[in-house]
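Working notes for the structure below.
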Amino acid sequence: MVRFGFRLLPALTEDGFCWFLASIFASSFARTGYQIVCAWLLVAGGDGSAAVANFFLLVSMTELIASPAAGWLADHCNRRKICMVADTAHAAAMICVAMTQPETATQHVIWISAVLYAVGDRLSLTSSQAMIPTVGITLTLAARNAAVFFIMQAGALCAAILVGVMLHASTASAAFLSLSAAFLAGGLFMAGATSGDRRSADPQFPSAVQAFDQMDVLRIGSLYSLLYSTGLIVSVLAAGFVRDELVGTALDFGMVEGAWSIGSVIGAIMIARVARSAGLESIQITCLTLAALSFFVLTLASLPSVIGLFVVLGALYNLGRAAAEMQLQSAIPSSHLGRAKGWVHCGCVVLGLALFASISLAPKGTGVAALFQLYAAALVFGTVTFAILGRSRS
């Protein structure tokens with residue numbers, strides 16, 4: 001980690017990579033904090049995990065519509081300015097939520113804010129992730145992704161810790177105002193970021209575009225979708241699992257979210273080294289298999305063990321997702337990466353919609369632990385299927 005830090009310093013000082021990372025940190029803090037606040041408000045209000053699933057269902061449906069347009073904009077407009085506008089709009093939306101939340105039914109405010117959040121989120125994330133191959137160009141693609149995912153998860157970790165404490169000690173309005181400040185900071189930091197020529201090739205992958213065809217990219221997107229679903233299931237069920245199965249408080253929920261984020265930071269640190277000794281697709285298959293096992297074991301554990309398992313799950317999620325991002329970045333030219341990210345995310349959202357619908361339609365009285373077990377079985381099936389298809393194609 002120390003050696004990685006020394007290699008990162010020149011890129012930070014030469015081309016505004018430090019401002020790019022600062023923006024990623026602030027925006028990640030605010031995005032994670034928003035999801036935590038909304039999930040806990042819905043569960044604490046007596047609406048249960050089904051309401052949280054409906055919240056993410058609404059977010060996903062909005063993202064499904066917005067993703068192709070966000071990808072097109074990212075390839076035809078200034079990506080840095082798109083991020084700045086999206087984060088500024090996020091900040092304004094959080095202020096409106098903070099002002100109206102005490103006077104209006106919580107669910108109604110959350111539903112409206114979810115739509116606005118999802119549109120801005122797609123614009124910001126698609127544009128910022130499409131910038132990765134063109135920022136910090138003195139570093140290898142693996143090092144850049146490791147740095148970005150590390151900073152992103154560090155922001156999520158800080159949000160999990162601080163927002164949980166804030167919800168425990170203060171009001172939801174105060175939390176939303178803090179998130180507004182974080183979004184605004186993300187937009188301001190992005191103003192200092194610069195990027196190189198979009199057509200410049202990464203020296204680590206000089207002929208990457210010719211090495212992949214459409215079926216390869218489709219397989220990358222499919223594996224990415226499975227990895228993405230592990231994060232979704234945690235977002236939907238973690239609050240209900242802590243409250244109903246473990247009989248925990250908002251502070252306990254914050255600790256569980258913090259454990260997930262700590263694991264995600266570990267996964268981001270691991271990617272630069274693991275990618276040297278293992279194939280990117282093999283990393284994804286391994287992460288998915290171990291994640292399915294962890295979800296099953298999770299249902300049998302007590303709170304301290306659950307915290308440890310969430311560290312493992314976070315590490316597997318981020319390691320696998322970073323490997324998928326690297327595969328996608330090496331397969332698609334930078335000038336088309338925004339549109340590719342948009343369509344891949346559409347696949348992720350379709351899988352997420354099926355997941356949310358299944359949770360919402362589950363028989364009344366179905367425990368969160370049972371839902372985790374069913375998801376683990378489905379994840380094993382999907383992983384084995386794609387592993388066999390990938391091997392037969394090879």
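Identifiers for the structure tokens are assigned positionally: chains receive A, B, ... in sequence, residues are indexed from 1 per chain, and ligands are indexed from 1 in the order shown.
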
> Using only C-alpha atoms, which residues sit within 6 Å of range 348-360 of chain A once same-chain residues fewer than 6 positions away are excluded, as a ChimeraX atom specification?
Replying inline: /A:50,53,57,60,225

>> I'd like the neighbourhood of range 279-293 of chain A as an MDAnalysis selection string, where a residue qualifies if any of its atoms comes within 9 Å (using only C-alpha atoms), though same-chain residues fewer than 5 positions away should be ignored.
In response: chainID A and resid 220 223:224 226:227 230 274 298 312:313 315:317 319:321 323:324 326:327 373 375:380 383:384 386:387

> What does the distance between CA of Cys38 in chain A and CA of Ala70 in chain A come to in Å, to one decimal place?
Replying inline: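 Separation between CA of Cys38 in chain A and CA of Ala70 in chain A: 24.2 Å.
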
>> Between CA of Gly33 in chain A and CA of Met255 in chain A, what is the distance in Å, rounded to a tenth?
In response: 13.3 Å

>> From a backbone DSSP assignment, name each residue in range 42-212 of chain A labelled alpha helix (DSSP H), as a VMD selection string.
In response: chain A and resid 42 to 44 48 to 76 79 to 100 106 to 130 141 to 169 172 to 190

Could the residues in this selection be saved with C-alpha atoms as a compact mmCIF listing (two decimals), in the first residue's frame?
```txt
# COMPACT_ATOMS: atom_id res chain seq x y z
CA LEU A 42 -38.48 3.48 5.50
CA VAL A 43 -37.66 0.58 7.82
CA ALA A 44 -37.91 2.63 11.02
CA GLY A 48 -40.28 -3.00 6.27
CA SER A 49 -37.88 -4.35 3.65
CA ALA A 50 -40.62 -4.33 1.00
CA ALA A 51 -40.67 -0.50 1.11
CA VAL A 52 -36.89 -0.41 0.76
CA ALA A 53 -37.18 -2.76 -2.21
CA ASN A 54 -39.79 -0.45 -3.74
CA PHE A 55 -37.45 2.51 -3.20
CA PHE A 56 -34.63 0.82 -5.09
CA LEU A 57 -37.13 -0.43 -7.66
CA LEU A 58 -38.10 3.18 -8.38
CA VAL A 59 -34.45 4.22 -8.55
CA SER A 60 -33.67 1.35 -10.91
CA MET A 61 -36.60 2.03 -13.23
CA THR A 62 -35.49 5.66 -13.51
CA GLU A 63 -31.89 4.57 -14.15
CA LEU A 64 -33.06 2.12 -16.82
CA ILE A 65 -34.61 5.00 -18.73
CA ALA A 66 -31.78 7.45 -18.05
CA SER A 67 -28.75 5.18 -18.65
CA PRO A 68 -28.66 5.17 -22.50
CA ALA A 69 -29.14 8.95 -22.61
CA ALA A 70 -26.47 9.45 -19.93
CA GLY A 71 -24.05 7.29 -21.93
CA TRP A 72 -24.72 9.25 -25.12
CA LEU A 73 -24.18 12.56 -23.33
CA ALA A 74 -20.94 11.27 -21.77
CA ASP A 75 -19.56 10.51 -25.25
CA HIS A 76 -20.74 13.72 -26.93
CA ARG A 79 -17.73 14.67 -19.09
CA ARG A 80 -16.28 16.88 -16.38
CA LYS A 81 -19.01 19.50 -16.81
CA ILE A 82 -21.71 16.82 -16.77
CA CYS A 83 -20.43 15.64 -13.38
CA MET A 84 -20.40 19.19 -12.04
CA VAL A 85 -23.97 19.89 -13.15
CA ALA A 86 -25.26 16.55 -11.83
CA ASP A 87 -23.69 16.97 -8.38
CA THR A 88 -24.94 20.55 -8.10
CA ALA A 89 -28.47 19.37 -8.96
CA HIS A 90 -28.08 16.62 -6.34
CA ALA A 91 -27.18 19.24 -3.73
CA ALA A 92 -30.26 21.32 -4.55
CA ALA A 93 -32.49 18.24 -4.35
CA MET A 94 -31.12 17.29 -0.91
CA ILE A 95 -31.85 20.81 0.40
CA CYS A 96 -35.44 20.53 -0.85
CA VAL A 97 -35.84 17.15 0.85
CA ALA A 98 -34.44 18.51 4.13
CA MET A 99 -36.89 21.43 4.03
CA THR A 100 -40.01 19.41 3.17
CA THR A 106 -41.77 10.44 4.59
CA GLN A 107 -42.52 7.97 1.80
CA HIS A 108 -43.84 10.65 -0.58
CA VAL A 109 -40.74 12.79 -0.14
CA ILE A 110 -38.45 9.82 -0.61
CA TRP A 111 -40.21 8.67 -3.79
CA ILE A 112 -39.89 12.11 -5.40
CA SER A 113 -36.26 12.52 -4.33
CA ALA A 114 -35.43 9.00 -5.59
CA VAL A 115 -36.35 9.93 -9.18
CA LEU A 116 -34.26 13.13 -9.10
CA TYR A 117 -31.39 11.29 -7.43
CA ALA A 118 -31.39 8.46 -9.98
CA VAL A 119 -31.20 10.76 -13.01
CA GLY A 120 -28.32 12.76 -11.54
CA ASP A 121 -26.60 9.60 -10.33
CA ARG A 122 -26.53 8.08 -13.81
CA LEU A 123 -25.18 11.27 -15.36
CA SER A 124 -22.48 11.64 -12.71
CA LEU A 125 -21.38 8.01 -12.44
CA THR A 126 -21.40 7.26 -16.18
CA SER A 127 -19.38 10.38 -16.98
CA SER A 128 -16.88 10.06 -14.12
CA GLN A 129 -16.20 6.35 -14.74
CA ALA A 130 -15.81 6.99 -18.47
CA LEU A 141 -5.10 1.14 -15.96
CA ALA A 142 -5.05 -1.24 -12.96
CA ALA A 143 -3.49 1.42 -10.71
CA ARG A 144 -6.00 4.06 -11.80
CA ASN A 145 -8.95 1.77 -11.15
CA ALA A 146 -7.49 0.74 -7.80
CA ALA A 147 -7.14 4.39 -6.80
CA VAL A 148 -10.65 5.33 -7.94
CA PHE A 149 -12.34 2.35 -6.32
CA PHE A 150 -10.33 2.86 -3.13
CA ILE A 151 -11.40 6.50 -2.88
CA MET A 152 -14.98 5.67 -3.80
CA GLN A 153 -15.27 3.06 -1.06
CA ALA A 154 -13.45 5.29 1.43
CA GLY A 155 -16.22 7.84 0.85
CA ALA A 156 -18.86 5.13 1.31
CA LEU A 157 -17.15 4.01 4.52
CA CYS A 158 -17.15 7.52 5.98
CA ALA A 159 -20.82 7.86 5.05
CA ALA A 160 -21.72 4.54 6.69
CA ILE A 161 -20.03 5.60 9.92
CA LEU A 162 -21.03 9.25 10.10
CA VAL A 163 -24.57 9.00 8.73
CA GLY A 164 -25.41 6.14 11.09
CA VAL A 165 -24.20 8.20 14.04
CA MET A 166 -26.06 11.27 12.75
CA LEU A 167 -29.33 9.38 12.42
CA HIS A 168 -28.86 8.05 15.93
CA ALA A 169 -28.08 11.43 17.49
CA ALA A 172 -33.08 13.17 9.12
CA SER A 173 -33.22 16.79 7.96
CA ALA A 174 -29.74 17.44 9.37
CA ALA A 175 -28.47 14.36 7.56
CA PHE A 176 -29.93 15.51 4.23
CA LEU A 177 -28.35 18.96 4.65
CA SER A 178 -24.95 17.34 5.26
CA LEU A 179 -25.38 15.25 2.12
CA SER A 180 -26.21 18.40 0.17
CA ALA A 181 -22.90 19.94 1.25
CA ALA A 182 -21.05 16.78 0.19
CA PHE A 183 -22.66 16.77 -3.28
CA LEU A 184 -21.81 20.45 -3.73
CA ALA A 185 -18.18 19.76 -2.73
CA GLY A 186 -18.03 16.95 -5.30
CA GLY A 187 -19.11 19.31 -8.07
CA LEU A 188 -16.60 21.97 -7.02
CA PHE A 189 -13.71 19.49 -6.83
CA MET A 190 -14.49 18.17 -10.32
```

> At what distance in Å, to one decimal, does CA of Ser23 in chain A lie from CA of Trp260 in chain A?
Replying inline: 21.4 Å

> Nearest to Ser28 in chain A: which of A:Ala193, A:Ser335, A:Ser261, A:Ile137 is it, counting only C-alpha atoms?
Replying inline: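 Looking at the shortest contact to Ser28 in chain A, the residue is A:Ser261.
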